[in-house]
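The next block is upload_2.pdb, given as PDB, C-alpha atoms, pLDDT in the B column.
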```pdb
ATOM      1  CA  MET K   1       0.000   0.000   0.000  1.00 72.00           C
ATOM      2  CA  GLY K   2       2.761   2.466   0.991  1.00 74.00           C
ATOM      3  CA  GLU K   3       4.617   1.689  -2.242  1.00 74.00           C
ATOM      4  CA  ALA K   4       1.471   2.318  -4.285  1.00 73.00           C
ATOM      5  CA  ILE K   5       0.915   5.690  -2.611  1.00 73.00           C
ATOM      6  CA  ALA K   6       4.562   6.619  -3.188  1.00 74.00           C
ATOM      7  CA  GLY K   7       4.165   5.643  -6.868  1.00 73.00           C
ATOM      8  CA  PHE K   8       1.079   7.834  -7.123  1.00 70.00           C
ATOM      9  CA  PHE K   9       2.919  10.883  -5.797  1.00 68.00           C
ATOM     10  CA  ALA K  10       6.009  10.151  -7.921  1.00 70.00           C
ATOM     11  CA  HIS K  11       3.803  10.100 -11.024  1.00 68.00           C
ATOM     12  CA  LEU K  12       2.029  13.247  -9.897  1.00 66.00           C
ATOM     13  CA  VAL K  13       5.168  15.341  -9.471  1.00 64.00           C
ATOM     14  CA  SER K  14       6.947  14.163 -12.631  1.00 67.00           C
ATOM     15  CA  LEU K  15       7.449  17.189 -14.893  1.00 62.00           C
ATOM     16  CA  SER K  16       6.248  15.294 -17.973  1.00 68.00           C
ATOM     17  CA  ASN K  17       2.814  14.944 -16.417  1.00 72.00           C
ATOM     18  CA  PRO K  18       0.418  17.546 -17.932  1.00 75.00           C
ATOM     19  CA  LEU K  19      -1.563  17.545 -14.677  1.00 78.00           C
ATOM     20  CA  TRP K  20       0.839  20.293 -13.571  1.00 82.00           C
ATOM     21  CA  LEU K  21      -1.208  22.555 -15.805  1.00 88.00           C
ATOM     22  CA  TYR K  22      -4.171  22.022 -13.513  1.00 89.00           C
ATOM     23  CA  TYR K  23      -2.706  24.369 -10.861  1.00 90.00           C
ATOM     24  CA  PRO K  24      -2.718  27.638 -12.859  1.00 92.00           C
ATOM     25  CA  LEU K  25      -6.209  26.756 -14.089  1.00 94.00           C
ATOM     26  CA  CYS K  26      -7.445  26.233 -10.545  1.00 94.00           C
ATOM     27  CA  ALA K  27      -5.790  29.490  -9.404  1.00 95.00           C
ATOM     28  CA  VAL K  28      -7.519  31.510 -12.141  1.00 96.00           C
ATOM     29  CA  VAL K  29     -10.889  29.910 -11.344  1.00 96.00           C
ATOM     30  CA  ALA K  30     -10.387  30.711  -7.648  1.00 97.00           C
ATOM     31  CA  VAL K  31      -9.526  34.385  -8.240  1.00 97.00           C
ATOM     32  CA  VAL K  32     -12.311  35.002 -10.791  1.00 96.00           C
ATOM     33  CA  TYR K  33     -14.928  33.252  -8.656  1.00 96.00           C
ATOM     34  CA  LYS K  34     -13.996  35.129  -5.483  1.00 96.00           C
ATOM     35  CA  ALA K  35     -13.729  38.450  -7.354  1.00 96.00           C
ATOM     36  CA  THR K  36     -17.384  38.076  -8.356  1.00 95.00           C
ATOM     37  CA  LYS K  37     -18.342  37.550  -4.713  1.00 94.00           C
ATOM     38  CA  PHE K  38     -16.267  40.206  -2.934  1.00 94.00           C
ATOM     39  CA  ASP K  39     -15.203  43.783  -3.636  1.00 92.00           C
ATOM     40  CA  ASP K  40     -12.421  44.029  -1.083  1.00 93.00           C
ATOM     41  CA  ALA K  41      -8.996  42.965  -2.465  1.00 93.00           C
ATOM     42  CA  ARG K  42      -7.962  41.341   0.813  1.00 95.00           C
ATOM     43  CA  LYS K  43     -11.142  39.260   0.975  1.00 96.00           C
ATOM     44  CA  ILE K  44     -10.651  38.220  -2.671  1.00 96.00           C
ATOM     45  CA  ALA K  45      -7.051  37.133  -2.023  1.00 96.00           C
ATOM     46  CA  LEU K  46      -7.849  35.184   1.143  1.00 97.00           C
ATOM     47  CA  GLY K  47     -10.973  33.611  -0.341  1.00 97.00           C
ATOM     48  CA  ALA K  48      -9.109  32.607  -3.507  1.00 97.00           C
ATOM     49  CA  LEU K  49      -6.295  31.045  -1.468  1.00 97.00           C
ATOM     50  CA  HIS K  50      -8.794  29.078   0.622  1.00 97.00           C
ATOM     51  CA  PHE K  51     -10.656  27.975  -2.525  1.00 97.00           C
ATOM     52  CA  PHE K  52      -7.425  26.944  -4.267  1.00 96.00           C
ATOM     53  CA  VAL K  53      -6.112  24.919  -1.326  1.00 96.00           C
ATOM     54  CA  SER K  54      -9.406  23.167  -0.594  1.00 96.00           C
ATOM     55  CA  VAL K  55     -10.091  22.273  -4.246  1.00 95.00           C
ATOM     56  CA  SER K  56      -6.492  21.084  -4.754  1.00 92.00           C
ATOM     57  CA  LEU K  57      -6.565  18.918  -1.634  1.00 94.00           C
ATOM     58  CA  GLY K  58      -9.996  17.556  -2.542  1.00 94.00           C
ATOM     59  CA  MET K  59      -8.862  16.633  -6.060  1.00 90.00           C
ATOM     60  CA  LEU K  60      -5.673  15.095  -4.685  1.00 89.00           C
ATOM     61  CA  GLY K  61      -7.709  12.963  -2.273  1.00 91.00           C
ATOM     62  CA  LEU K  62     -10.080  11.874  -5.024  1.00 92.00           C
ATOM     63  CA  GLY K  63      -7.170  11.077  -7.349  1.00 87.00           C
ATOM     64  CA  LEU K  64      -5.443   9.005  -4.686  1.00 88.00           C
ATOM     65  CA  ALA K  65      -8.674   7.142  -3.873  1.00 91.00           C
ATOM     66  CA  PHE K  66      -9.342   6.285  -7.541  1.00 90.00           C
ATOM     67  CA  TYR K  67      -5.710   5.282  -8.043  1.00 86.00           C
ATOM     68  CA  LEU K  68      -5.837   2.867  -5.095  1.00 87.00           C
ATOM     69  CA  ILE K  69      -9.203   1.470  -6.237  1.00 90.00           C
ATOM     70  CA  SER K  70      -7.896   0.887  -9.760  1.00 87.00           C
ATOM     71  CA  ARG K  71      -4.775  -0.781  -8.399  1.00 85.00           C
ATOM     72  CA  TYR K  72      -6.284  -3.088  -5.781  1.00 85.00           C
ATOM     73  CA  LEU K  73      -9.757  -3.905  -7.164  1.00 79.00           C
TER      74      LEU K  73
ATOM     75  CA  MET R   1     -45.069  65.715  -2.511  1.00 55.00           C
ATOM     76  CA  THR R   2     -42.386  64.322  -4.822  1.00 60.00           C
ATOM     77  CA  ARG R   3     -42.790  61.276  -7.021  1.00 62.00           C
ATOM     78  CA  ALA R   4     -40.132  58.685  -7.785  1.00 53.00           C
ATOM     79  CA  PRO R   5     -38.956  58.912 -11.418  1.00 51.00           C
ATOM     80  CA  LEU R   6     -40.303  56.256 -13.812  1.00 51.00           C
ATOM     81  CA  PHE R   7     -36.905  55.624 -15.416  1.00 56.00           C
ATOM     82  CA  LEU R   8     -33.832  55.639 -13.260  1.00 58.00           C
ATOM     83  CA  PRO R   9     -30.805  57.077 -15.023  1.00 69.00           C
ATOM     84  CA  GLY R  10     -27.733  54.876 -15.077  1.00 79.00           C
ATOM     85  CA  PRO R  11     -26.124  51.963 -16.848  1.00 86.00           C
ATOM     86  CA  SER R  12     -28.361  49.243 -18.301  1.00 92.00           C
ATOM     87  CA  PRO R  13     -27.870  45.631 -17.060  1.00 93.00           C
ATOM     88  CA  VAL R  14     -28.551  44.218 -20.542  1.00 94.00           C
ATOM     89  CA  ILE R  15     -25.860  46.377 -22.147  1.00 94.00           C
ATOM     90  CA  ALA R  16     -23.466  45.245 -19.385  1.00 94.00           C
ATOM     91  CA  LEU R  17     -24.300  41.616 -20.212  1.00 94.00           C
ATOM     92  CA  VAL R  18     -23.673  42.118 -23.933  1.00 95.00           C
ATOM     93  CA  LEU R  19     -20.456  44.089 -23.385  1.00 95.00           C
ATOM     94  CA  GLY R  20     -19.297  41.365 -21.007  1.00 95.00           C
ATOM     95  CA  TRP R  21     -19.573  38.904 -23.862  1.00 94.00           C
ATOM     96  CA  VAL R  22     -17.952  41.158 -26.474  1.00 94.00           C
ATOM     97  CA  VAL R  23     -14.883  41.737 -24.275  1.00 94.00           C
ATOM     98  CA  PRO R  24     -14.265  39.780 -21.041  1.00 95.00           C
ATOM     99  CA  GLY R  25     -14.680  42.312 -18.217  1.00 95.00           C
ATOM    100  CA  GLY R  26     -16.476  44.770 -20.518  1.00 95.00           C
ATOM    101  CA  GLY R  27     -19.632  44.658 -18.402  1.00 95.00           C
ATOM    102  CA  HIS R  28     -17.739  45.669 -15.278  1.00 96.00           C
ATOM    103  CA  ALA R  29     -15.953  48.470 -17.149  1.00 96.00           C
ATOM    104  CA  TYR R  30     -19.366  49.728 -18.273  1.00 95.00           C
ATOM    105  CA  ALA R  31     -20.571  49.598 -14.654  1.00 93.00           C
ATOM    106  CA  GLY R  32     -17.559  51.677 -13.585  1.00 93.00           C
ATOM    107  CA  LYS R  33     -15.671  48.823 -11.893  1.00 93.00           C
ATOM    108  CA  TRP R  34     -12.444  49.360 -13.804  1.00 95.00           C
ATOM    109  CA  GLY R  35     -10.180  47.375 -11.471  1.00 95.00           C
ATOM    110  CA  LYS R  36     -12.324  44.271 -11.673  1.00 95.00           C
ATOM    111  CA  ALA R  37     -12.771  44.741 -15.419  1.00 96.00           C
ATOM    112  CA  LEU R  38      -9.016  44.705 -15.910  1.00 97.00           C
ATOM    113  CA  LEU R  39      -8.596  41.685 -13.618  1.00 96.00           C
ATOM    114  CA  PHE R  40     -11.258  39.686 -15.490  1.00 97.00           C
ATOM    115  CA  PHE R  41      -9.918  40.699 -18.902  1.00 96.00           C
ATOM    116  CA  VAL R  42      -6.359  39.674 -18.055  1.00 96.00           C
ATOM    117  CA  LEU R  43      -7.314  36.366 -16.396  1.00 96.00           C
ATOM    118  CA  ILE R  44      -9.960  35.182 -18.870  1.00 96.00           C
ATOM    119  CA  THR R  45      -8.156  36.270 -22.025  1.00 94.00           C
ATOM    120  CA  GLY R  46      -4.893  34.910 -20.591  1.00 94.00           C
ATOM    121  CA  LEU R  47      -6.544  31.558 -19.897  1.00 94.00           C
ATOM    122  CA  GLN R  48      -7.897  31.459 -23.430  1.00 91.00           C
ATOM    123  CA  VAL R  49      -4.574  32.300 -25.056  1.00 91.00           C
ATOM    124  CA  ALA R  50      -2.730  29.844 -22.786  1.00 93.00           C
ATOM    125  CA  GLY R  51      -5.203  27.113 -23.777  1.00 91.00           C
ATOM    126  CA  LEU R  52      -4.670  27.860 -27.438  1.00 89.00           C
ATOM    127  CA  VAL R  53      -0.886  27.703 -27.068  1.00 89.00           C
ATOM    128  CA  ILE R  54      -0.913  24.544 -24.905  1.00 89.00           C
ATOM    129  CA  GLY R  55      -3.273  22.766 -27.305  1.00 86.00           C
ATOM    130  CA  GLY R  56      -1.180  23.595 -30.366  1.00 83.00           C
ATOM    131  CA  GLY R  57      -3.588  26.188 -31.773  1.00 82.00           C
ATOM    132  CA  THR R  58      -6.359  23.761 -32.701  1.00 84.00           C
ATOM    133  CA  VAL R  59      -8.534  23.678 -29.578  1.00 84.00           C
ATOM    134  CA  VAL R  60     -11.477  25.857 -30.682  1.00 83.00           C
ATOM    135  CA  VAL R  61     -13.135  23.512 -33.172  1.00 82.00           C
ATOM    136  CA  TRP R  62     -16.692  22.361 -33.817  1.00 82.00           C
ATOM    137  CA  ARG R  63     -17.301  20.051 -30.854  1.00 85.00           C
ATOM    138  CA  LEU R  64     -19.502  20.148 -27.760  1.00 88.00           C
ATOM    139  CA  TRP R  65     -16.761  22.130 -25.996  1.00 89.00           C
ATOM    140  CA  LEU R  66     -17.421  25.017 -28.357  1.00 89.00           C
ATOM    141  CA  PHE R  67     -20.634  25.888 -26.490  1.00 91.00           C
ATOM    142  CA  ALA R  68     -18.561  26.592 -23.364  1.00 91.00           C
ATOM    143  CA  GLN R  69     -15.660  28.174 -25.277  1.00 91.00           C
ATOM    144  CA  VAL R  70     -17.850  30.672 -27.112  1.00 91.00           C
ATOM    145  CA  CYS R  71     -19.012  32.173 -23.788  1.00 92.00           C
ATOM    146  CA  ALA R  72     -15.524  33.658 -23.464  1.00 90.00           C
ATOM    147  CA  GLY R  73     -16.579  36.386 -25.831  1.00 85.00           C
ATOM    148  CA  ALA R  74     -16.337  37.563 -29.375  1.00 84.00           C
ATOM    149  CA  PRO R  75     -12.558  36.865 -29.563  1.00 82.00           C
ATOM    150  CA  THR R  76     -13.460  33.154 -29.521  1.00 86.00           C
ATOM    151  CA  LEU R  77     -14.895  33.540 -33.016  1.00 86.00           C
ATOM    152  CA  ALA R  78     -11.487  34.745 -34.216  1.00 84.00           C
ATOM    153  CA  LEU R  79      -9.825  31.839 -32.381  1.00 83.00           C
ATOM    154  CA  TYR R  80     -12.266  29.471 -34.102  1.00 85.00           C
ATOM    155  CA  GLN R  81     -11.096  30.720 -37.495  1.00 84.00           C
ATOM    156  CA  LEU R  82      -7.470  30.446 -36.366  1.00 83.00           C
ATOM    157  CA  SER R  83      -8.018  26.865 -35.172  1.00 83.00           C
ATOM    158  CA  GLN R  84      -9.596  25.934 -38.526  1.00 82.00           C
ATOM    159  CA  TYR R  85      -6.516  27.310 -40.279  1.00 83.00           C
ATOM    160  CA  PHE R  86      -4.101  25.362 -38.046  1.00 81.00           C
ATOM    161  CA  ALA R  87      -6.189  22.178 -38.304  1.00 80.00           C
ATOM    162  CA  ILE R  88      -5.866  22.224 -42.092  1.00 81.00           C
ATOM    163  CA  HIS R  89      -2.080  22.470 -41.924  1.00 81.00           C
ATOM    164  CA  SER R  90      -1.526  20.011 -39.063  1.00 77.00           C
ATOM    165  CA  PRO R  91      -4.087  17.268 -38.312  1.00 77.00           C
ATOM    166  CA  ILE R  92      -5.435  17.237 -34.746  1.00 76.00           C
ATOM    167  CA  ASP R  93      -4.163  14.490 -32.452  1.00 78.00           C
ATOM    168  CA  TRP R  94      -7.284  13.882 -30.360  1.00 76.00           C
ATOM    169  CA  ALA R  95      -5.437  11.540 -27.974  1.00 78.00           C
ATOM    170  CA  ASP R  96      -2.818  14.170 -27.094  1.00 83.00           C
ATOM    171  CA  ARG R  97      -3.186  15.075 -23.413  1.00 84.00           C
ATOM    172  CA  LEU R  98      -1.859  18.584 -24.007  1.00 87.00           C
ATOM    173  CA  HIS R  99      -4.571  19.113 -26.603  1.00 88.00           C
ATOM    174  CA  GLU R 100      -7.132  17.967 -24.029  1.00 89.00           C
ATOM    175  CA  MET R 101      -5.713  20.348 -21.431  1.00 90.00           C
ATOM    176  CA  GLY R 102      -5.754  23.254 -23.916  1.00 91.00           C
ATOM    177  CA  THR R 103      -9.390  22.499 -24.711  1.00 91.00           C
ATOM    178  CA  LEU R 104     -10.178  22.441 -20.992  1.00 92.00           C
ATOM    179  CA  TYR R 105      -8.443  25.815 -20.478  1.00 94.00           C
ATOM    180  CA  THR R 106     -10.463  27.530 -23.205  1.00 93.00           C
ATOM    181  CA  ALA R 107     -13.734  25.909 -22.068  1.00 94.00           C
ATOM    182  CA  VAL R 108     -13.179  26.966 -18.450  1.00 95.00           C
ATOM    183  CA  ALA R 109     -12.329  30.494 -19.681  1.00 95.00           C
ATOM    184  CA  GLY R 110     -15.755  30.532 -21.355  1.00 95.00           C
ATOM    185  CA  LEU R 111     -17.582  29.324 -18.262  1.00 95.00           C
ATOM    186  CA  MET R 112     -15.749  31.842 -16.080  1.00 96.00           C
ATOM    187  CA  ASN R 113     -16.748  34.635 -18.460  1.00 96.00           C
ATOM    188  CA  LEU R 114     -20.365  33.496 -18.220  1.00 96.00           C
ATOM    189  CA  LEU R 115     -20.114  33.912 -14.443  1.00 96.00           C
ATOM    190  CA  VAL R 116     -18.522  37.355 -14.863  1.00 97.00           C
ATOM    191  CA  MET R 117     -21.240  38.426 -17.329  1.00 96.00           C
ATOM    192  CA  MET R 118     -23.951  37.349 -14.884  1.00 96.00           C
ATOM    193  CA  ASP R 119     -22.190  39.224 -12.083  1.00 95.00           C
ATOM    194  CA  ALA R 120     -22.098  42.443 -14.164  1.00 95.00           C
ATOM    195  CA  TYR R 121     -25.792  42.035 -15.023  1.00 94.00           C
ATOM    196  CA  LEU R 122     -26.893  41.355 -11.438  1.00 94.00           C
ATOM    197  CA  ARG R 123     -24.831  44.237 -10.008  1.00 92.00           C
ATOM    198  CA  LEU R 124     -26.742  46.687 -12.184  1.00 92.00           C
ATOM    199  CA  ALA R 125     -30.127  44.970 -12.047  1.00 91.00           C
ATOM    200  CA  TYR R 126     -30.064  44.516  -8.269  1.00 89.00           C
ATOM    201  CA  PRO R 127     -27.502  46.961  -6.860  1.00 83.00           C
ATOM    202  CA  PRO R 128     -26.260  45.962  -3.405  1.00 73.00           C
ATOM    203  CA  ARG R 129     -27.742  48.093  -0.637  1.00 69.00           C
ATOM    204  CA  GLU R 130     -25.332  50.113   1.411  1.00 62.00           C
ATOM    205  CA  THR R 131     -25.279  48.994   5.016  1.00 55.00           C
ATOM    206  CA  GLU R 132     -24.331  51.232   7.927  1.00 53.00           C
ATOM    207  CA  GLU R 133     -20.892  49.558   7.973  1.00 53.00           C
ATOM    208  CA  ASP R 134     -20.257  50.396   4.290  1.00 52.00           C
ATOM    209  CA  ALA R 135     -21.397  54.002   4.595  1.00 45.00           C
TER     210      ALA R 135
END
```

Could you quickly redo this structure as structure tokens?
Amino acid sequence: MGEAIAGFFAHLVSLSNPLWLYYPLCAVVAVVYKATKFDDARKIALGALHFFVSVSLGMLGLGLAFYLISRYL
Amino acid sequence: MTRAPLFLPGPSPVIALVLGWVVPGGGHAYAGKWGKALLFFVLITGLQVAGLVIGGGTVVVWRLWLFAQVCAGAPTLALYQLSQYFAIHSPIDWADRLHEMGTLYTAVAGLMNLLVMMDAYLRLAYPPRETEEDA
């Protein structure tokens, strides 16, 4: 199990993986979405950071879960 | 006794919606929110151009994605023509993951612009009331 998780992260951080391009996309979505909700620059920045981190962690968790399911089932 | 005017002077929400489609952020510029207009223009147009570059210039083609991509404004129509030109000279590799990612970038740019257009419309149609804290 530990080896599988390590393999998942090794694949994820390899520079040839186009999933790297997901991060700028998520950052733009976060800033645009929060800018439509708030007018204050500080609230936009903090909200966008929170949005970016929570979506990234959520996607990472989902990715890891699907990877383990596909490997062991 | 004074009566409320029948027509309130000021920017029209429908014009803001249309301008928001013509140029990303155009609706906010029309509503006087220049900072936000610039932010939306840079981010949405940047996302669109980045998607086009990542996908090899052939991402805005006649597929279901086009319905999302075209929400990013009138420039998408020019990108559509550009993609047709590139597709003639170099066949599209549909299995290429970078092409997929480029398509995703441009489609998300369109959906984000739809959100921005709606925001510009709603700001003018239903202006937020000033609370005691804001005043």

Hey, could you make a per-residue contact list for chain R against chain K with 12 Å as the cut-off, showing the nearest pair of atoms and its distance in Å to one decimal, counting only C-alpha atoms, sorted by chain and number, as a Markdown table?
```
| residue | atom | partner | partner_atom | distance |
| --- | --- | --- | --- | --- |
| R:Pro24 | CA | K:Val32 | CA | 11.5 |
| R:Gly25 | CA | K:Val32 | CA | 10.7 |
| R:His28 | CA | K:Thr36 | CA | 10.3 |
| R:Lys33 | CA | K:Asp39 | CA | 9.7 |
| R:Trp34 | CA | K:Asp39 | CA | 11.9 |
| R:Gly35 | CA | K:Asp39 | CA | 10.0 |
| R:Lys36 | CA | K:Ala35 | CA | 7.4 |
| R:Ala37 | CA | K:Ala35 | CA | 10.3 |
| R:Leu38 | CA | K:Val32 | CA | 11.5 |
| R:Leu39 | CA | K:Val32 | CA | 8.2 |
| R:Phe40 | CA | K:Val32 | CA | 6.7 |
| R:Phe41 | CA | K:Val32 | CA | 10.2 |
| R:Val42 | CA | K:Val28 | CA | 10.1 |
| R:Leu43 | CA | K:Val28 | CA | 6.5 |
| R:Ile44 | CA | K:Val28 | CA | 8.0 |
| R:Thr45 | CA | K:Val28 | CA | 11.0 |
| R:Gly46 | CA | K:Val28 | CA | 9.5 |
| R:Leu47 | CA | K:Leu25 | CA | 7.5 |
| R:Gln48 | CA | K:Leu25 | CA | 10.6 |
| R:Ala50 | CA | K:Leu25 | CA | 9.9 |
| R:Gly51 | CA | K:Leu25 | CA | 9.7 |
| R:Ile54 | CA | K:Leu21 | CA | 9.3 |
| R:Gly55 | CA | K:Pro18 | CA | 11.3 |
| R:Asp96 | CA | K:Pro18 | CA | 10.3 |
| R:Arg97 | CA | K:Pro18 | CA | 7.0 |
| R:Leu98 | CA | K:Pro18 | CA | 6.6 |
| R:His99 | CA | K:Pro18 | CA | 10.1 |
| R:Glu100 | CA | K:Pro18 | CA | 9.7 |
| R:Met101 | CA | K:Leu21 | CA | 7.5 |
| R:Gly102 | CA | K:Leu21 | CA | 9.3 |
| R:Thr103 | CA | K:Leu25 | CA | 11.9 |
| R:Leu104 | CA | K:Leu25 | CA | 9.1 |
| R:Tyr105 | CA | K:Leu25 | CA | 6.8 |
| R:Thr106 | CA | K:Leu25 | CA | 10.1 |
| R:Ala107 | CA | K:Leu25 | CA | 11.0 |
| R:Val108 | CA | K:Val29 | CA | 8.0 |
| R:Ala109 | CA | K:Val29 | CA | 8.5 |
| R:Gly110 | CA | K:Val29 | CA | 11.1 |
| R:Leu111 | CA | K:Val29 | CA | 9.6 |
| R:Met112 | CA | K:Val32 | CA | 7.1 |
| R:Asn113 | CA | K:Val32 | CA | 8.9 |
| R:Leu114 | CA | K:Tyr33 | CA | 11.0 |
| R:Leu115 | CA | K:Tyr33 | CA | 7.8 |
| R:Val116 | CA | K:Thr36 | CA | 6.6 |
| R:Met117 | CA | K:Thr36 | CA | 9.8 |
| R:Met118 | CA | K:Thr36 | CA | 9.3 |
| R:Asp119 | CA | K:Thr36 | CA | 6.2 |
| R:Ala120 | CA | K:Thr36 | CA | 8.7 |
| R:Tyr121 | CA | K:Thr36 | CA | 11.4 |
| R:Leu122 | CA | K:Thr36 | CA | 10.5 |
| R:Arg123 | CA | K:Thr36 | CA | 9.8 |
| R:Pro128 | CA | K:Asp39 | CA | 11.3 |
| R:Asp134 | CA | K:Asp40 | CA | 11.4 |
```

- What does the PyMOL selection byres ((chain R and resi 82-89) around 9) select in this file, as a PyMOL selection string? chain R and resi 52+56-61+77-81+90-92

Generate a file of the selected residues that holds C-alpha atoms, formatted as an mmCIF file, in the frame of the given file.
```
data_model
loop_
_atom_site.group_PDB
_atom_site.id
_atom_site.type_symbol
_atom_site.label_atom_id
_atom_site.label_comp_id
_atom_site.auth_asym_id
_atom_site.auth_seq_id
_atom_site.Cartn_x
_atom_site.Cartn_y
_atom_site.Cartn_z
ATOM 1 C CA LEU R 52 -4.670 27.860 -27.438
ATOM 2 C CA GLY R 56 -1.180 23.595 -30.366
ATOM 3 C CA GLY R 57 -3.588 26.188 -31.773
ATOM 4 C CA THR R 58 -6.359 23.761 -32.701
ATOM 5 C CA VAL R 59 -8.534 23.678 -29.578
ATOM 6 C CA VAL R 60 -11.477 25.857 -30.682
ATOM 7 C CA VAL R 61 -13.135 23.512 -33.172
ATOM 8 C CA LEU R 77 -14.895 33.540 -33.016
ATOM 9 C CA ALA R 78 -11.487 34.745 -34.216
ATOM 10 C CA LEU R 79 -9.825 31.839 -32.381
ATOM 11 C CA TYR R 80 -12.266 29.471 -34.102
ATOM 12 C CA GLN R 81 -11.096 30.720 -37.495
ATOM 13 C CA SER R 90 -1.526 20.011 -39.063
ATOM 14 C CA PRO R 91 -4.087 17.268 -38.312
ATOM 15 C CA ILE R 92 -5.435 17.237 -34.746
#
```

- Proximity to Ser70 of chain K - best of K:Asp40, K:Leu46, K:Phe52, K:Ala4, all atoms listed in the file: K:Ala4

I would like the residues chosen by the PyMOL selection byres ((chain K and resi 54-69) around 9) on the shown file; could you give them as a PDB file with C-alpha atoms, in the frame of the given file?
```pdb
ATOM      1  CA  MET K   1       0.000   0.000   0.000  1.00 72.00           C
ATOM      2  CA  ALA K   4       1.471   2.318  -4.285  1.00 73.00           C
ATOM      3  CA  ILE K   5       0.915   5.690  -2.611  1.00 73.00           C
ATOM      4  CA  PHE K   8       1.079   7.834  -7.123  1.00 70.00           C
ATOM      5  CA  PHE K   9       2.919  10.883  -5.797  1.00 68.00           C
ATOM      6  CA  TYR K  23      -2.706  24.369 -10.861  1.00 90.00           C
ATOM      7  CA  CYS K  26      -7.445  26.233 -10.545  1.00 94.00           C
ATOM      8  CA  LEU K  49      -6.295  31.045  -1.468  1.00 97.00           C
ATOM      9  CA  HIS K  50      -8.794  29.078   0.622  1.00 97.00           C
ATOM     10  CA  PHE K  51     -10.656  27.975  -2.525  1.00 97.00           C
ATOM     11  CA  PHE K  52      -7.425  26.944  -4.267  1.00 96.00           C
ATOM     12  CA  VAL K  53      -6.112  24.919  -1.326  1.00 96.00           C
ATOM     13  CA  SER K  70      -7.896   0.887  -9.760  1.00 87.00           C
ATOM     14  CA  ARG K  71      -4.775  -0.781  -8.399  1.00 85.00           C
ATOM     15  CA  TYR K  72      -6.284  -3.088  -5.781  1.00 85.00           C
ATOM     16  CA  LEU K  73      -9.757  -3.905  -7.164  1.00 79.00           C
TER      17      LEU K  73
END
```

- Separation of atom CA of Val18 of chain R from atom CA of Ala48 of chain K, in Å and rounded to one decimal: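 Result for atom CA of Val18 of chain R versus atom CA of Ala48 of chain K: 26.8 Å, one decimal.
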
- Could you please determine the separation between atom CA of Pro75 of chain R and atom CA of Gly26 of chain R in Å, to one decimal place? 12.6 Å

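When atom CA of Ile15 of chain R is paired with atom CA of Ala29 of chain R, their separation reads 11.3 Å.
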
Taking every listed atom of segment 80-83 of chain R and adding 5 Å to each side, what centre and edge lengths in Å (one decimal) does the axis-aligned box have, as JSON?
```
{"center_x": -9.9, "center_y": 28.8, "center_z": -35.8, "size_x": 14.8, "size_y": 13.9, "size_z": 13.4}
```
